[in-house]
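Asks: Below: one structure in structure tokens.
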Protein chains: 2
Amino acid sequence: MSASPSVVLLAGGAGGSAFAVGLRDELRARGGELTVVCNTADDLWLAGLRIQPDVDSMLYGLAGVKDTAKGWGRAGDSLRVAAELHAWGVGWDWFELGDLDLGAHISRTSWLREGASPTTVLARLQARWRDEIGATLLPMTDAEVETHVVIEDSGDAGGAVTIHFQEWWTRYRATREPERFENPGMTGARPAPGVLEAIARADAVVFAPSNPIVSIGPILAVPGIRDAVAAAPGRVVGVSPIIGGAPVRGMADVCLRVAGVPCSADGVAGHFGARADGGLLDAWLLAEEDAALAPAVASLGIDAHVRPLWMAGPDLTRALAADTLAAAGF
Amino acid sequence: MSASPSVVLLAGGAGGSAFAVGLRDELRARGGELTVVCNTADDLWLAGLRIQPDVDSMLYGLAGVKDTAKGWGRAGDSLRVAAELHAWGVGWDWFELGDLDLGAHISRTSWLREGASPTTVLARLQARWRDEIGATLLPMTDAEVETHVVIEDSGDAGGAVTIHFQEWWTRYRATREPERFENPGMTGARPAPGVLEAIARADAVVFAPSNPIVSIGPILAVPGIRDAVAAAPGRVVGVSPIIGGAPVRGMADVCLRVAGVPCSADGVAGHFGARADGGLLDAWLLAEEDAALAPAVASLGIDAHVRPLWMAGPDLTRALAADTLAAAGF
């Protein structure tokens, strides 16, 4: 076992970036290496700009410029440009585009328009804060595979309507009952350059405590990534995003219900499955509140580790990261 | 003659928008109507955004939100986004993109990307301030006919380099001697919808005191516009942008030299020529400082009107507009 492990983290936005900071700090102290594979299914075109909510949360979080109170966006941001856009009816008035944040959106869009790939764009974005970040961020894919939500329309016309995940999540706060989630273009997508290689040489693969369905789910759905994780030489360890039967943050319970997955720590573990049984996980971290579920997880063939999961501050988050590495054998 | 004249103004940015405000105020008082045909040859793609310096100066000026001290951009603007772009090396660090200003650039680019024409985009931009503007703004064309500057390269490699007008004007302050100006795509361009119609039904066509070569020049170079002005039923009146042998603002002297036009009030009048003699002008306003040149202008077959041309404040600007209308017979 390497004393300086190389770890690949699969992660979404808010919870994922909070966890990534702790993992980065812990690996930095050990001389290890972190590669983060970010969910890009939340991405969208808005106001002519390419927005990548999860990627930016991860970028800002690791760079130390995130608004940690909100869990996304830049600290100290303002809304001067947004007020202009709203005056012209451009964009969504319920979807905040901060001024500092727009700097990233404009830069990214400019580079994409010049022909750069999302991978290259993300490399340029993180280069600005290379020392602070101390990790390598990769998009899960260079393809556009946005998550769309199919909703049974209760209006007079009947039938189903399809909206972007961000509209469902941010505008409707997941209150409109989805029929299913779709990722158009996913079957033709390929993992972004470096993703499969990073998994294949990692000493451990970690699932962040992110939404299992719309954050971790799309990453694993990129053709090739699930197989790469299943075949990873290092241990695959996940951190439950469900504590005491409820999501730590966000509306993951609705997503789980749509996917037919019980909203519980053992339910999510079962959703990912045991590697020994054709699934993905070798180990799973449950909250102390869910200690009673540990035997159920173990019965799936997944090592169950009961640990404090609340990331209430840097010390606890880093301790969780250390516990995660311990579950991976480090 | 109509007591409430309908006027078409051909104009560039700073000087053009200052003059347009006076003309709008004067026509508003008379119940007249103003259509402004804006130069769009200054336009450029920058940071993935479509920037229209002259159009925006006109828009902001008439809407009353322009930074009148600078002569362009929005009053009270800030540079939060620009600092972000610069940190990523996006855009030109010598070309200011204000936060409020970016609201227009992003909105415009968003609409263009959706397939809207520049004419439609400008209609949407001005709709926000319809009451304040009190005029109809049209781009000269919906085609992209940017002004490029061909410069004899004095470096080791020799040969000519071509740069965008904005780089030559704003970065180099017109200090690099041009060989010529080019408007790629101009021969295939068409006047924007409404331009020819406005000229054909106008009681007067006015040339603002804008740069004759790179502001008024490109408007007249759009195939069809010169002919329409020459055939206009109303009188065609110009205001000299040269006072005492020097441009009122900007580096028009360099542009005139490149075009082989004397940098003088009569030189520019001669450049546009008399309508009676195959040119465009029926009348020309010269500054009092240039009274001695009036006979030379008259000898061209152009009515010479010596008037105060300095637009030092709203009252003088409006008086100049009234003088211009008088020269047009109103």
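Lettering and numbering for the structure tokens are positional, with chains as A, B, ... in the shown order, residues counted from 1 in each chain, and ligands counted from 1 in the shown order.
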Please return, as an MDAnalysis selection string, all residues of chain A lying within 10 Å of chain B when only C-alpha atoms are considered.
Replies: chainID A and resid 45:49 77:91 98:114 124:128
Asks: Based on the selection just made, write C-alpha atoms of those residues as a short mmCIF file (atom, residue, chain, number, x, y, z; two decimals), in the first residue's frame.
Replies:
```cif
data_model
loop_
_atom_site.label_atom_id
_atom_site.label_comp_id
_atom_site.auth_asym_id
_atom_site.auth_seq_id
_atom_site.Cartn_x
_atom_site.Cartn_y
_atom_site.Cartn_z
CA TRP A 45 -26.75 26.90 -21.73
CA LEU A 46 -28.24 30.05 -20.25
CA ALA A 47 -28.03 33.61 -21.52
CA GLY A 48 -25.78 32.28 -24.27
CA LEU A 49 -23.28 31.09 -21.69
CA ASP A 77 -20.27 38.08 -5.18
CA SER A 78 -22.67 40.75 -6.45
CA LEU A 79 -25.50 40.90 -8.99
CA ARG A 80 -24.89 43.99 -11.10
CA VAL A 81 -24.80 42.16 -14.42
CA ALA A 82 -27.69 39.92 -13.44
CA ALA A 83 -29.91 42.95 -12.85
CA GLU A 84 -29.11 44.10 -16.39
CA LEU A 85 -29.90 40.70 -17.84
CA HIS A 86 -33.20 40.63 -15.98
CA ALA A 87 -34.07 44.10 -17.29
CA TRP A 88 -33.75 42.65 -20.78
CA GLY A 89 -35.47 39.38 -19.91
CA VAL A 90 -32.34 37.35 -20.57
CA GLY A 91 -31.68 34.23 -18.52
CA GLY A 98 -23.14 36.46 -9.84
CA ASP A 99 -20.72 38.97 -11.29
CA LEU A 100 -17.58 37.09 -10.23
CA ASP A 101 -19.23 33.85 -11.26
CA LEU A 102 -19.96 35.31 -14.70
CA GLY A 103 -16.23 35.76 -15.15
CA ALA A 104 -15.94 31.96 -15.23
CA HIS A 105 -19.00 31.51 -17.43
CA ILE A 106 -17.81 34.07 -19.96
CA SER A 107 -14.26 32.71 -20.01
CA ARG A 108 -15.49 29.15 -20.40
CA THR A 109 -17.93 30.05 -23.15
CA SER A 110 -15.28 32.06 -24.96
CA TRP A 111 -12.88 29.13 -24.95
CA LEU A 112 -15.58 26.65 -25.96
CA ARG A 113 -16.55 28.93 -28.86
CA GLU A 114 -12.90 28.91 -29.92
CA ARG A 124 -7.49 26.58 -17.86
CA LEU A 125 -10.00 27.55 -15.20
CA GLN A 126 -8.15 25.66 -12.45
CA ALA A 127 -4.70 26.82 -13.62
CA ARG A 128 -5.50 30.22 -12.11
#
```
Asks: Taking the backbone alone, and naming residues the way the document does, which bits of stretch 224-315 of chain A are helix (DSSP H, G or I) by DSSP, as a PyMOL selection string?
Replies: chain A and resi 225-230+252-259+265-272+275-277+288-299+314-315
Asks: Name the closest residue to B:Tyr172 among the candidates B:Met140, B:Leu316, B:Leu97, B:Met251; distances are taken between atoms, counting only C-alpha atoms.
Replies: B:Met251
Asks: Extract, using only C-alpha atoms, all DNA, RNA and protein residues at most 12 Å from B:Val222, discarding same-chain residues fewer than 3 positions from it, and format them as a ChimeraX atom specification.
Replies: /B:37-41,139-146,183-192,195-196,215-219,225-229
Asks: May I have the residues from that selection written out with N, CA and C atoms, as a short mmCIF file (atom, residue, chain, number, x, y, z; two decimals), in the first residue's frame?
Replies:
```cif
data_model
loop_
_atom_site.label_atom_id
_atom_site.label_comp_id
_atom_site.auth_asym_id
_atom_site.auth_seq_id
_atom_site.Cartn_x
_atom_site.Cartn_y
_atom_site.Cartn_z
N VAL B 37 -29.17 55.70 -37.99
CA VAL B 37 -28.50 54.56 -38.61
C VAL B 37 -27.07 54.53 -38.06
N CYS B 38 -26.78 53.50 -37.26
CA CYS B 38 -25.51 53.43 -36.54
C CYS B 38 -24.46 52.68 -37.32
N ASN B 39 -23.25 53.19 -37.24
CA ASN B 39 -22.11 52.45 -37.74
C ASN B 39 -21.94 51.17 -36.94
N THR B 40 -21.75 50.05 -37.63
CA THR B 40 -21.48 48.79 -36.93
C THR B 40 -20.13 48.20 -37.33
N ALA B 41 -19.34 49.00 -38.04
CA ALA B 41 -18.04 48.48 -38.48
C ALA B 41 -17.03 48.43 -37.34
N PRO B 139 -29.11 49.35 -36.96
CA PRO B 139 -27.73 49.12 -37.40
C PRO B 139 -27.67 49.41 -38.90
N MET B 140 -26.49 49.76 -39.40
CA MET B 140 -26.41 50.05 -40.83
C MET B 140 -26.65 48.80 -41.67
N THR B 141 -26.26 47.64 -41.11
CA THR B 141 -26.41 46.36 -41.81
C THR B 141 -26.49 45.26 -40.78
N ASP B 142 -27.07 44.13 -41.19
CA ASP B 142 -27.05 42.95 -40.32
C ASP B 142 -25.82 42.09 -40.57
N ALA B 143 -25.03 42.45 -41.58
CA ALA B 143 -23.82 41.69 -41.89
C ALA B 143 -22.67 42.11 -40.96
N GLU B 144 -21.72 41.22 -40.79
CA GLU B 144 -20.52 41.56 -40.02
C GLU B 144 -19.48 42.13 -40.98
N VAL B 145 -19.26 43.43 -40.89
CA VAL B 145 -18.34 44.09 -41.83
C VAL B 145 -17.31 44.90 -41.04
N GLU B 146 -16.66 44.25 -40.10
CA GLU B 146 -15.73 44.93 -39.20
C GLU B 146 -14.65 45.71 -39.96
N ASN B 183 -12.95 46.61 -44.95
CA ASN B 183 -14.19 46.10 -44.37
C ASN B 183 -14.54 44.78 -45.03
N PRO B 184 -13.92 43.70 -44.54
CA PRO B 184 -14.20 42.40 -45.18
C PRO B 184 -15.69 42.12 -45.20
N GLY B 185 -16.16 41.64 -46.31
CA GLY B 185 -17.57 41.27 -46.42
C GLY B 185 -18.49 42.41 -46.83
N MET B 186 -17.93 43.61 -46.97
CA MET B 186 -18.79 44.76 -47.25
C MET B 186 -19.49 44.63 -48.61
N THR B 187 -18.80 44.07 -49.60
CA THR B 187 -19.43 44.03 -50.93
C THR B 187 -20.68 43.16 -50.93
N GLY B 188 -20.71 42.17 -50.04
CA GLY B 188 -21.89 41.30 -49.97
C GLY B 188 -22.92 41.75 -48.95
N ALA B 189 -22.62 42.84 -48.25
CA ALA B 189 -23.55 43.30 -47.20
C ALA B 189 -24.76 43.98 -47.81
N ARG B 190 -25.84 44.00 -47.05
CA ARG B 190 -27.07 44.69 -47.46
C ARG B 190 -27.46 45.64 -46.34
N PRO B 191 -28.09 46.76 -46.66
CA PRO B 191 -28.59 47.63 -45.60
C PRO B 191 -29.54 46.87 -44.69
N ALA B 192 -29.49 47.18 -43.41
CA ALA B 192 -30.40 46.53 -42.47
C ALA B 192 -31.84 46.89 -42.83
N VAL B 195 -33.55 50.63 -43.22
CA VAL B 195 -32.62 51.74 -43.45
C VAL B 195 -32.96 52.49 -44.74
N LEU B 196 -33.07 51.76 -45.83
CA LEU B 196 -33.36 52.43 -47.11
C LEU B 196 -34.73 53.09 -47.07
N SER B 215 -16.45 55.96 -39.43
CA SER B 215 -17.81 55.93 -38.86
C SER B 215 -18.85 56.16 -39.96
N ILE B 216 -18.82 57.36 -40.58
CA ILE B 216 -19.76 57.63 -41.67
C ILE B 216 -19.39 56.81 -42.90
N GLY B 217 -18.08 56.65 -43.12
CA GLY B 217 -17.60 55.92 -44.30
C GLY B 217 -18.20 54.53 -44.45
N PRO B 218 -18.10 53.70 -43.41
CA PRO B 218 -18.66 52.34 -43.54
C PRO B 218 -20.17 52.34 -43.77
N ILE B 219 -20.89 53.30 -43.16
CA ILE B 219 -22.34 53.33 -43.38
C ILE B 219 -22.62 53.54 -44.87
N ILE B 225 -26.72 52.12 -49.61
CA ILE B 225 -26.97 53.28 -48.74
C ILE B 225 -26.51 54.57 -49.40
N ARG B 226 -25.31 54.56 -50.01
CA ARG B 226 -24.85 55.79 -50.69
C ARG B 226 -25.84 56.23 -51.75
N ASP B 227 -26.29 55.27 -52.54
CA ASP B 227 -27.25 55.61 -53.60
C ASP B 227 -28.55 56.14 -53.01
N ALA B 228 -28.97 55.55 -51.90
CA ALA B 228 -30.22 56.00 -51.28
C ALA B 228 -30.08 57.43 -50.76
N VAL B 229 -28.92 57.75 -50.18
CA VAL B 229 -28.70 59.11 -49.69
C VAL B 229 -28.66 60.07 -50.87
#
```
Asks: Give me every strand (DSSP E) residue in stretch 33-261 of chain B, going by DSSP on the backbone, as a ChimeraX atom specification.
Replies: /B:33-38,44-46,49-51,136-139,148-152,160-164,178-182,204-207,235-239,242-243,246-247
Asks: Determine, counting only C-alpha atoms, which protein, DNA and RNA residues have an atom within 12 Å of an atom of A:Thr136; residues of the same chain fewer than 2 positions away are not included. Present the result as a PyMOL selection string.
Replies: chain A and resi 6-9+20+24+33-38+55+58-59+62-63+119+122-127+129-134+138-139+194-195+198
Asks: Since we have the selection now, will you write its residues out, keeping N, CA and C atoms, as a tab-separated table (two decimals), in the first residue's frame?
Replies:
```
chain	number	residue	atom	x	y	z
A	6	SER	N	-2.91	7.75	-4.21
A	6	SER	CA	-3.53	8.49	-5.31
A	6	SER	C	-5.01	8.12	-5.31
A	7	VAL	N	-5.86	9.14	-5.20
A	7	VAL	CA	-7.29	8.90	-5.02
A	7	VAL	C	-8.08	9.57	-6.13
A	8	VAL	N	-9.09	8.87	-6.63
A	8	VAL	CA	-10.05	9.48	-7.56
A	8	VAL	C	-11.37	9.65	-6.82
A	9	LEU	N	-11.88	10.89	-6.87
A	9	LEU	CA	-13.16	11.19	-6.22
A	9	LEU	C	-14.21	11.45	-7.28
A	20	ALA	N	-14.57	17.27	-0.87
A	20	ALA	CA	-13.31	17.30	-1.62
A	20	ALA	C	-12.25	18.15	-0.92
A	24	ARG	N	-8.78	16.68	0.00
A	24	ARG	CA	-7.57	17.33	-0.53
A	24	ARG	C	-6.61	17.65	0.61
A	33	GLU	N	-2.31	12.21	-3.73
A	33	GLU	CA	-2.72	12.89	-4.97
A	33	GLU	C	-4.23	12.73	-5.14
A	34	LEU	N	-4.88	13.80	-5.56
A	34	LEU	CA	-6.34	13.75	-5.73
A	34	LEU	C	-6.74	14.15	-7.15
A	35	THR	N	-7.55	13.30	-7.75
A	35	THR	CA	-8.19	13.64	-9.02
A	35	THR	C	-9.69	13.62	-8.78
A	36	VAL	N	-10.35	14.70	-9.15
A	36	VAL	CA	-11.80	14.78	-8.97
A	36	VAL	C	-12.48	14.66	-10.32
A	37	VAL	N	-13.36	13.69	-10.46
A	37	VAL	CA	-14.17	13.56	-11.67
A	37	VAL	C	-15.53	14.19	-11.35
A	38	CYS	N	-15.80	15.32	-12.00
A	38	CYS	CA	-16.99	16.11	-11.67
A	38	CYS	C	-18.19	15.74	-12.54
A	55	VAL	N	-19.20	21.69	-11.52
A	55	VAL	CA	-17.78	21.95	-11.80
A	55	VAL	C	-17.33	23.22	-11.08
A	58	MET	N	-17.06	22.84	-7.32
A	58	MET	CA	-15.83	22.12	-7.00
A	58	MET	C	-14.61	23.04	-7.16
A	59	LEU	N	-14.58	23.75	-8.26
A	59	LEU	CA	-13.46	24.67	-8.54
A	59	LEU	C	-13.34	25.73	-7.45
A	62	LEU	N	-12.40	24.15	-3.86
A	62	LEU	CA	-10.99	23.78	-3.69
A	62	LEU	C	-10.08	25.00	-3.76
A	63	ALA	N	-10.48	26.01	-4.53
A	63	ALA	CA	-9.66	27.22	-4.64
A	63	ALA	C	-9.81	28.13	-3.42
A	119	THR	N	-12.69	19.65	-21.20
A	119	THR	CA	-11.53	19.25	-20.40
A	119	THR	C	-10.46	20.35	-20.42
A	122	LEU	N	-11.63	23.36	-18.42
A	122	LEU	CA	-11.52	23.18	-16.96
A	122	LEU	C	-10.06	23.24	-16.52
A	123	ALA	N	-9.15	22.75	-17.38
A	123	ALA	CA	-7.72	22.86	-17.06
A	123	ALA	C	-7.31	24.33	-16.97
A	124	ARG	N	-7.83	25.15	-17.89
A	124	ARG	CA	-7.49	26.58	-17.86
A	124	ARG	C	-8.10	27.27	-16.64
A	125	LEU	N	-9.34	26.90	-16.35
A	125	LEU	CA	-10.00	27.55	-15.20
A	125	LEU	C	-9.23	27.25	-13.91
A	126	GLN	N	-8.82	26.01	-13.71
A	126	GLN	CA	-8.15	25.66	-12.45
A	126	GLN	C	-6.70	26.12	-12.42
A	127	ALA	N	-6.10	26.37	-13.59
A	127	ALA	CA	-4.70	26.82	-13.62
A	127	ALA	C	-4.52	28.12	-12.84
A	129	TRP	N	-5.73	28.92	-10.07
A	129	TRP	CA	-5.59	28.66	-8.63
A	129	TRP	C	-4.87	27.32	-8.39
A	130	ARG	N	-3.90	27.03	-9.21
A	130	ARG	CA	-3.27	25.72	-9.17
A	130	ARG	C	-2.78	25.37	-7.76
A	131	ASP	N	-2.06	26.29	-7.13
A	131	ASP	CA	-1.49	26.01	-5.81
A	131	ASP	C	-2.58	25.80	-4.76
A	132	GLU	N	-3.60	26.64	-4.81
A	132	GLU	CA	-4.66	26.53	-3.82
A	132	GLU	C	-5.44	25.22	-3.99
A	133	ILE	N	-5.72	24.87	-5.23
A	133	ILE	CA	-6.58	23.71	-5.49
A	133	ILE	C	-5.90	22.41	-5.07
A	134	GLY	N	-4.65	22.22	-5.46
A	134	GLY	CA	-3.92	21.03	-5.04
A	134	GLY	C	-4.59	19.73	-5.45
A	138	LEU	N	-11.37	17.04	-13.38
A	138	LEU	CA	-11.73	16.59	-14.72
A	138	LEU	C	-13.24	16.58	-14.84
A	139	PRO	N	-13.78	16.98	-16.00
A	139	PRO	CA	-15.21	16.74	-16.22
A	139	PRO	C	-15.39	15.25	-16.47
A	194	GLY	N	-8.36	11.22	-19.62
A	194	GLY	CA	-7.73	11.13	-18.31
A	194	GLY	C	-8.58	10.47	-17.24
A	195	VAL	N	-9.88	10.38	-17.47
A	195	VAL	CA	-10.76	9.83	-16.43
A	195	VAL	C	-10.51	8.34	-16.22
A	198	ALA	N	-7.06	7.72	-14.78
A	198	ALA	CA	-6.94	8.06	-13.36
A	198	ALA	C	-7.54	6.96	-12.49
```
